[in-house]
>>> print(open('entry12.tsv').read())   # TSV, C-alpha atoms
chain	number	residue	atom	x	y	z
A	198	MET	CA	-20.59	-23.46	15.18
A	199	LEU	CA	-16.92	-22.74	16.02
A	200	GLU	CA	-15.19	-23.40	19.33
A	201	LEU	CA	-11.59	-22.76	20.30
A	202	ASN	CA	-10.57	-24.25	23.61
A	203	SER	CA	-7.25	-23.39	25.31
A	204	VAL	CA	-5.43	-22.99	21.98
A	205	GLU	CA	-1.70	-22.34	21.97
A	206	VAL	CA	0.24	-21.38	18.84
A	207	LEU	CA	4.00	-21.45	18.47
A	208	TYR	CA	6.00	-19.86	15.65
A	209	ASP	CA	9.41	-21.16	14.60
A	210	ASP	CA	9.35	-23.55	17.58
A	211	VAL	CA	10.19	-20.57	19.79
A	212	ILE	CA	7.64	-17.72	19.82
A	213	LEU	CA	4.45	-18.40	21.78
A	214	VAL	CA	1.75	-16.17	20.28
A	215	LEU	CA	-1.54	-17.66	21.49
A	216	ARG	CA	-1.55	-18.56	25.17
A	217	GLY	CA	-4.57	-20.70	25.96
A	218	LEU	CA	-7.08	-18.83	23.79
A	219	SER	CA	-10.74	-19.84	24.13
A	220	LEU	CA	-13.71	-18.40	22.25
A	221	GLU	CA	-16.98	-19.41	20.58
A	222	VAL	CA	-18.73	-18.26	17.41
A	223	PRO	CA	-22.46	-19.11	17.32
A	224	GLU	CA	-24.06	-19.95	14.00
A	225	GLY	CA	-25.62	-17.01	12.16
A	226	HIS	CA	-23.88	-14.33	14.24
A	227	ILE	CA	-21.14	-11.76	13.69
A	228	VAL	CA	-18.41	-11.96	16.34
A	229	ALA	CA	-15.75	-9.25	16.58
A	230	LEU	CA	-12.20	-9.98	17.71
A	231	LEU	CA	-10.55	-6.81	18.99
A	232	GLY	CA	-7.10	-6.00	20.28
A	233	SER	CA	-3.98	-3.97	19.66
A	234	ASN	CA	-1.28	-4.90	17.14
A	235	GLY	CA	0.49	-8.08	18.19
A	236	ALA	CA	-2.38	-9.34	20.35
A	237	GLY	CA	-2.69	-12.49	18.21
A	238	LYS	CA	-5.87	-11.73	16.25
A	239	THR	CA	-4.57	-12.67	12.78
A	240	THR	CA	-2.82	-15.72	14.21
A	241	THR	CA	-6.19	-16.83	15.60
A	242	LEU	CA	-7.78	-16.66	12.15
A	243	LYS	CA	-4.91	-18.55	10.55
A	244	ALA	CA	-5.07	-21.25	13.21
A	245	ILE	CA	-8.72	-21.76	12.27
A	246	SER	CA	-8.24	-21.65	8.48
A	247	GLY	CA	-5.14	-23.86	8.39
A	248	LEU	CA	-2.82	-21.13	7.05
A	249	LEU	CA	-0.35	-21.23	9.95
A	250	LYS	CA	1.94	-23.72	8.25
A	251	VAL	CA	2.97	-21.31	5.50
A	252	GLU	CA	4.46	-19.08	8.21
A	253	ASP	CA	6.10	-21.86	10.27
A	254	GLY	CA	3.35	-21.65	12.85
A	255	GLU	CA	1.80	-24.59	14.67
A	256	VAL	CA	-1.05	-25.24	17.09
A	257	THR	CA	0.76	-26.94	19.96
A	258	ASP	CA	-2.11	-27.35	22.42
A	259	GLY	CA	-5.87	-27.06	22.69
A	260	SER	CA	-8.64	-27.84	20.21
A	261	ILE	CA	-10.42	-26.12	17.32
A	262	ARG	CA	-13.84	-27.59	16.58
A	263	PHE	CA	-16.22	-26.72	13.75
A	264	ASP	CA	-19.72	-28.20	13.89
A	265	GLY	CA	-18.48	-30.47	16.66
A	266	HIS	CA	-15.58	-31.88	14.62
A	267	GLU	CA	-11.90	-31.24	15.27
A	268	ILE	CA	-10.33	-29.33	12.33
A	269	HIS	CA	-6.90	-28.67	13.80
A	270	GLY	CA	-4.34	-30.37	11.61
A	271	LEU	CA	-6.46	-30.45	8.45
A	272	PRO	CA	-4.94	-28.89	5.31
A	273	ALA	CA	-6.37	-25.50	4.34
A	274	ASP	CA	-8.19	-26.77	1.24
A	275	ARG	CA	-10.12	-29.34	3.29
A	276	ILE	CA	-11.08	-26.65	5.79
A	277	VAL	CA	-12.43	-24.54	2.91
A	278	ARG	CA	-14.47	-27.52	1.73
A	279	ARG	CA	-15.98	-27.79	5.20
A	280	GLY	CA	-17.33	-24.27	4.83
A	281	ILE	CA	-14.67	-21.92	6.30
A	282	PHE	CA	-13.14	-19.19	4.12
A	283	GLN	CA	-10.63	-16.56	5.25
A	284	VAL	CA	-10.40	-13.15	3.59
A	285	VAL	CA	-6.81	-12.29	4.45
A	286	GLU	CA	-5.50	-8.86	5.38
A	287	GLY	CA	-4.41	-6.83	2.39
A	288	ARG	CA	-6.95	-8.41	-0.01
A	289	HIS	CA	-4.43	-10.40	-2.14
A	290	VAL	CA	-6.50	-10.60	-5.30
A	291	PHE	CA	-5.00	-12.26	-8.38
A	292	GLU	CA	-3.79	-9.08	-10.08
A	293	HIS	CA	-3.24	-10.57	-13.55
A	294	LEU	CA	-6.66	-12.22	-13.69
A	295	THR	CA	-9.87	-10.37	-14.48
A	296	VAL	CA	-12.51	-9.63	-11.88
A	297	HIS	CA	-14.63	-12.43	-13.34
A	298	GLU	CA	-11.74	-14.90	-13.25
A	299	ASN	CA	-10.98	-13.99	-9.62
A	300	LEU	CA	-14.56	-14.77	-8.67
A	301	LEU	CA	-14.45	-18.10	-10.48
A	302	ALA	CA	-11.27	-18.94	-8.55
A	303	GLY	CA	-13.28	-18.59	-5.34
A	304	ALA	CA	-15.53	-21.44	-6.50
A	305	HIS	CA	-12.59	-23.75	-7.25
A	306	THR	CA	-13.31	-26.23	-4.44
A	307	ARG	CA	-17.03	-26.49	-5.11
A	308	ARG	CA	-18.57	-29.66	-6.48
A	309	ASP	CA	-21.90	-28.09	-7.52
A	310	ARG	CA	-20.62	-26.42	-10.69
A	311	GLY	CA	-24.17	-25.88	-11.90
A	312	GLY	CA	-24.78	-23.32	-9.16
A	313	VAL	CA	-21.77	-21.15	-10.02
A	314	PRO	CA	-23.46	-18.88	-12.65
A	315	ALA	CA	-26.30	-18.01	-10.28
A	316	ASP	CA	-23.82	-17.22	-7.51
A	317	LEU	CA	-21.84	-14.97	-9.85
A	318	GLU	CA	-24.97	-12.92	-10.46
A	319	ARG	CA	-25.64	-12.86	-6.73
A	320	VAL	CA	-22.15	-11.47	-6.06
A	321	TYR	CA	-22.54	-8.87	-8.79
A	322	GLY	CA	-25.80	-7.90	-7.11
A	323	TYR	CA	-23.96	-7.19	-3.87
A	324	PHE	CA	-21.15	-5.40	-5.71
A	325	PRO	CA	-22.48	-3.60	-8.83
A	326	ARG	CA	-19.08	-1.95	-9.27
A	327	LEU	CA	-17.54	-5.38	-9.87
A	328	ALA	CA	-20.16	-6.12	-12.52
A	329	GLU	CA	-19.10	-2.94	-14.33
A	330	ARG	CA	-15.47	-4.06	-14.25
A	331	LYS	CA	-15.84	-7.82	-14.69
A	332	ARG	CA	-13.45	-7.92	-17.70
A	333	GLN	CA	-10.88	-5.64	-16.12
A	334	TRP	CA	-7.66	-6.94	-14.59
A	335	ALA	CA	-7.94	-6.99	-10.82
A	336	GLY	CA	-4.60	-5.22	-10.41
A	337	TYR	CA	-6.11	-2.05	-11.87
A	338	LEU	CA	-8.93	-1.85	-9.32
A	339	SER	CA	-8.89	0.65	-6.48
A	340	GLY	CA	-8.26	-0.55	-2.93
A	341	GLY	CA	-11.95	-0.47	-2.12
A	342	GLU	CA	-12.84	-2.39	-5.27
A	343	GLN	CA	-10.20	-5.00	-4.49
A	344	GLN	CA	-11.70	-5.44	-1.01
A	345	MET	CA	-15.11	-5.94	-2.63
A	346	LEU	CA	-13.55	-8.50	-4.95
A	347	ALA	CA	-11.94	-10.33	-2.03
A	348	LEU	CA	-15.33	-10.54	-0.29
A	349	GLY	CA	-17.06	-11.59	-3.49
A	350	ARG	CA	-14.44	-14.29	-4.10
A	351	ALA	CA	-15.09	-15.61	-0.60
A	352	LEU	CA	-18.85	-15.72	-1.24
A	353	MET	CA	-18.26	-17.80	-4.36
A	354	ALA	CA	-17.01	-20.61	-2.10
A	355	ARG	CA	-20.45	-20.63	-0.41
A	356	PRO	CA	-18.88	-20.39	3.07
A	357	ARG	CA	-20.84	-21.07	6.22
A	358	LEU	CA	-18.20	-19.19	8.23
A	359	MET	CA	-16.23	-16.21	6.89
A	360	LEU	CA	-13.05	-15.07	8.64
A	361	LEU	CA	-12.47	-11.39	7.84
A	362	ASP	CA	-9.07	-9.86	8.64
A	363	GLU	CA	-9.02	-6.05	8.74
A	364	PRO	CA	-11.49	-5.36	5.91
A	365	SER	CA	-11.24	-1.59	6.50
A	366	LEU	CA	-7.44	-1.46	6.17
A	367	GLY	CA	-6.27	1.36	3.90
A	368	LEU	CA	-9.75	2.37	2.74
A	369	ALA	CA	-11.36	5.81	2.70
A	370	PRO	CA	-14.08	6.27	5.37
A	371	ILE	CA	-16.92	6.34	2.84
A	372	LEU	CA	-15.76	3.02	1.37
A	373	VAL	CA	-15.37	1.51	4.83
A	374	GLN	CA	-19.01	2.29	5.59
A	375	GLU	CA	-20.04	0.71	2.29
A	376	ILE	CA	-17.99	-2.45	2.90
A	377	PHE	CA	-19.36	-2.90	6.41
A	378	GLY	CA	-22.90	-2.36	5.20
A	379	ILE	CA	-22.37	-5.23	2.76
A	380	ILE	CA	-20.85	-7.40	5.50
A	381	ARG	CA	-24.01	-6.91	7.54
A	382	ARG	CA	-26.18	-7.72	4.50
A	383	ILE	CA	-24.23	-10.91	3.84
A	384	ASN	CA	-24.84	-12.00	7.42
A	385	GLU	CA	-28.53	-11.13	7.38
A	386	GLU	CA	-29.47	-12.21	3.86
A	387	GLU	CA	-27.19	-15.23	3.42
A	388	GLY	CA	-27.13	-16.36	7.03
A	389	THR	CA	-23.32	-16.46	6.83
A	390	THR	CA	-21.56	-16.57	10.19
A	391	ILE	CA	-18.68	-14.08	10.45
A	392	LEU	CA	-15.63	-13.82	12.71
A	393	LEU	CA	-14.33	-10.30	12.22
A	394	VAL	CA	-10.86	-9.01	13.11
A	395	GLU	CA	-10.83	-5.22	12.92
A	396	GLN	CA	-8.70	-2.39	14.33
A	397	ASN	CA	-11.64	0.01	14.05
A	398	ALA	CA	-13.31	-1.15	17.26
A	399	ARG	CA	-16.22	1.27	17.01
A	400	LEU	CA	-17.14	0.07	13.54
A	401	ALA	CA	-16.65	-3.61	14.41
A	402	LEU	CA	-18.91	-3.36	17.46
A	403	SER	CA	-21.55	-1.53	15.42
A	404	VAL	CA	-22.11	-4.61	13.20
A	405	ALA	CA	-21.22	-7.42	15.63
A	406	ASP	CA	-23.50	-9.30	18.00
A	407	PHE	CA	-20.72	-10.33	20.39
A	408	GLY	CA	-17.10	-9.40	20.92
A	409	TYR	CA	-13.84	-10.57	22.43
A	410	VAL	CA	-10.90	-8.37	23.43
A	411	MET	CA	-7.46	-9.96	23.14
A	412	GLU	CA	-4.21	-9.01	24.80
A	413	SER	CA	-0.93	-10.94	24.58
A	414	GLY	CA	-2.47	-14.01	22.99
A	415	ARG	CA	-5.48	-14.53	25.23
A	416	VAL	CA	-8.97	-13.17	25.79
A	417	VAL	CA	-9.15	-10.57	28.55
A	418	LEU	CA	-12.70	-9.33	28.06
A	419	GLU	CA	-15.83	-10.60	26.31
A	420	GLY	CA	-19.50	-9.78	26.06
A	421	PRO	CA	-22.35	-8.59	23.84
A	422	ALA	CA	-21.15	-5.93	21.39
A	423	GLU	CA	-23.44	-3.27	22.84
A	424	GLU	CA	-22.10	-3.83	26.35
A	425	LEU	CA	-18.47	-3.79	25.19
A	426	GLY	CA	-19.13	-0.46	23.47
A	427	LYS	CA	-20.16	0.96	26.84
A	428	ASN	CA	-17.35	-0.67	28.82
A	429	GLU	CA	-15.04	1.93	30.37
A	430	ASP	CA	-11.84	0.03	29.52
A	431	VAL	CA	-12.85	-0.55	25.90
A	432	ARG	CA	-14.04	3.02	25.46
A	433	GLU	CA	-10.81	4.48	26.80
A	434	PHE	CA	-8.24	2.20	25.22
A	435	TYR	CA	-9.89	1.12	21.95
A	436	LEU	CA	-12.36	3.92	21.22
A	437	GLY	CA	-10.18	6.77	22.50
A	438	LEU	CA	-12.81	8.08	24.92
A	439	SER	CA	-12.71	8.81	28.60
A	440	GLU	CA	-14.93	10.53	31.13
A	441	ILE	CA	-13.63	13.91	29.95
A	442	GLY	CA	-14.28	13.20	26.26
A	443	ARG	CA	-12.00	12.38	23.38
A	444	ARG	CA	-8.34	11.71	23.97
A	445	SER	CA	-5.47	11.96	21.55
A	446	TYR	CA	-3.87	8.87	20.02
A	447	ARG	CA	-0.77	9.64	22.08
A	448	ASP	CA	-2.83	9.49	25.27
A	449	VAL	CA	-4.56	6.28	24.23
A	450	LYS	CA	-1.28	4.68	23.24
A	451	HIS	CA	0.04	5.13	26.75
A	452	TYR	CA	-3.13	4.06	28.50
A	453	ARG	CA	-2.38	1.56	31.24
A	454	ARG	CA	-4.52	-1.53	31.03
A	455	ARG	CA	-6.32	-2.32	34.23
A	456	LYS	CA	-4.58	-4.82	36.52
A	457	ARG	CA	-7.37	-7.36	36.17
A	458	TRP	CA	-6.53	-7.64	32.45
A	459	LEU	CA	-3.02	-8.74	33.26
A	460	SER	CA	-3.70	-10.93	36.29
>>> encode(input="entry12.tsv", output="structure tokens")
Amino acid sequence: MLELNSVEVLYDDVILVLRGLSLEVPEGHIVALLGSNGAGKTTTLKAISGLLKVEDGEVTDGSIRFDGHEIHGLPADRIVRRGIFQVVEGRHVFEHLTVHENLLAGAHTRRDRGGVPADLERVYGYFPRLAERKRQWAGYLSGGEQQMLALGRALMARPRLMLLDEPSLGLAPILVQEIFGIIRRINEEEGTTILLVEQNARLALSVADFGYVMESGRVVLEGPAEELGKNEDVREFYLGLSEIGRRSYRDVKHYRRRKRWLS
């Protein structure tokens, strides 16, 4: 469904963030994009969704194809209309609109207005807590509820591909499990394809079918999620495990990537 081929991204005409990035997202699958801070994961999502321009970023080389058609250079609203919706890091709900109004905003680009009421009920079915608070201002929701609202707003656009950026950020563990359970349901029940950026590598690999590991703006490792979860490098650097068991964050932070990653 989605194919990035040798993509380079430059910020402010100076900073090269993506350095020949290539990856594929098959239709109907969940693909995880892993990597440390600064690896270029969020930039990858913004290159796909057309949001680079608001940060003075630009795709300077390579191609981004969706359903066989080049989408690089299209404005963000046209990319949404083609079926791609990004849930940005930090949720960014419309705080002074109600939950219900936020969800309606997600359907703004749709032409089939007659289907909106049914989709609202479908979203409330996924997120009963939002149904209970539909008349409440979004700014008064908890962090977990705002993340649910951000996902529900994305569903209202009827996306074929959802780009999720750090959906677990700042949430309590019990809420993280709930959110990721819903992400899996959305994929299975709606058939929605998902490209997931997530710092919690263990959790991301538990719901994904395939994964890519990024370092310094390029892919250094890829494979089925189950195999990546067993990979020694991934286990030690991203899951904090080694042959002698759990390691501290301090140890993991100073882990030296294997030479083949940097060759």
>>> closest_residue(input="entry12.tsv", among="A:Gly378, A:Gly408, A:Gly388, A:Pro356", to="A:Ile276", atoms="all atoms listed in the file")
A:Pro356
>>> closest_residue(input="entry12.tsv", among="A:Ala315, A:Val251, A:Ala351, A:Leu327", to="A:Val296", atoms="only C-alpha atoms")
A:Leu327
>>> closest_residue(input="entry12.tsv", among="A:Val320, A:Val285, A:Ala369, A:Val417", to="A:Glu395", atoms="all atoms listed in the file")
A:Val285
>>> closest_residue(input="entry12.tsv", among="A:Ala328, A:Met353, A:Arg288, A:His293", to="A:Gly341", atoms="all atoms listed in the file")
A:Arg288
>>> closest_residue(input="entry12.tsv", among="A:Gly287, A:Pro325, A:Gly336, A:Gly426", to="A:Pro364", atoms="only C-alpha atoms")
A:Gly287
>>> closest_residue(input="entry12.tsv", among="A:Val431, A:Leu352, A:Ile383, A:Leu366", to="A:Gly340", atoms="all atoms listed in the file")
A:Leu366
>>> residues_around(input="entry12.tsv", residues="stretch 373-376 of chain A", least_positions_apart="3", cutoff="10 Å", atoms="all atoms listed in the file", output="list in words")
Phe324, Gly341, Glu342, Gln344, Met345, Leu348, Pro364, Ser365, Leu366, Gly367, Leu368, Ala369, Pro370, Ile379, Ile380, Arg381, Arg382 and Leu400 of chain A
>>> closest_atom_pairs(input="entry12.tsv", of="stretch 268-333 of chain A", to="stretch 255-261 of chain A", cutoff="10 Å", atoms="all atoms listed in the file", output="JSON lines")
{"residue": "A:Ile268", "atom": "CA", "partner": "A:Ile261", "partner_atom": "CA", "distance": 5.9}
{"residue": "A:His269", "atom": "CA", "partner": "A:Ile261", "partner_atom": "CA", "distance": 5.6}
{"residue": "A:Gly270", "atom": "CA", "partner": "A:Val256", "partner_atom": "CA", "distance": 8.2}
>>> atom_distance(input="entry12.tsv", atom1="atom CA of A:Ala354", atom2="atom CA of A:Arg308")
10.2 Å
>>> residues_around(input="entry12.tsv", residues="A:Glu205", least_positions_apart="2", cutoff="10 Å", atoms="only C-alpha atoms", output="PyMOL selection string")
chain A and resi 202-203+207+213-219+241+244+255-260+414-415
>>> atom_distance(input="entry12.tsv", atom1="atom CA of A:Tyr208", atom2="atom CA of A:Phe434")
27.9 Å
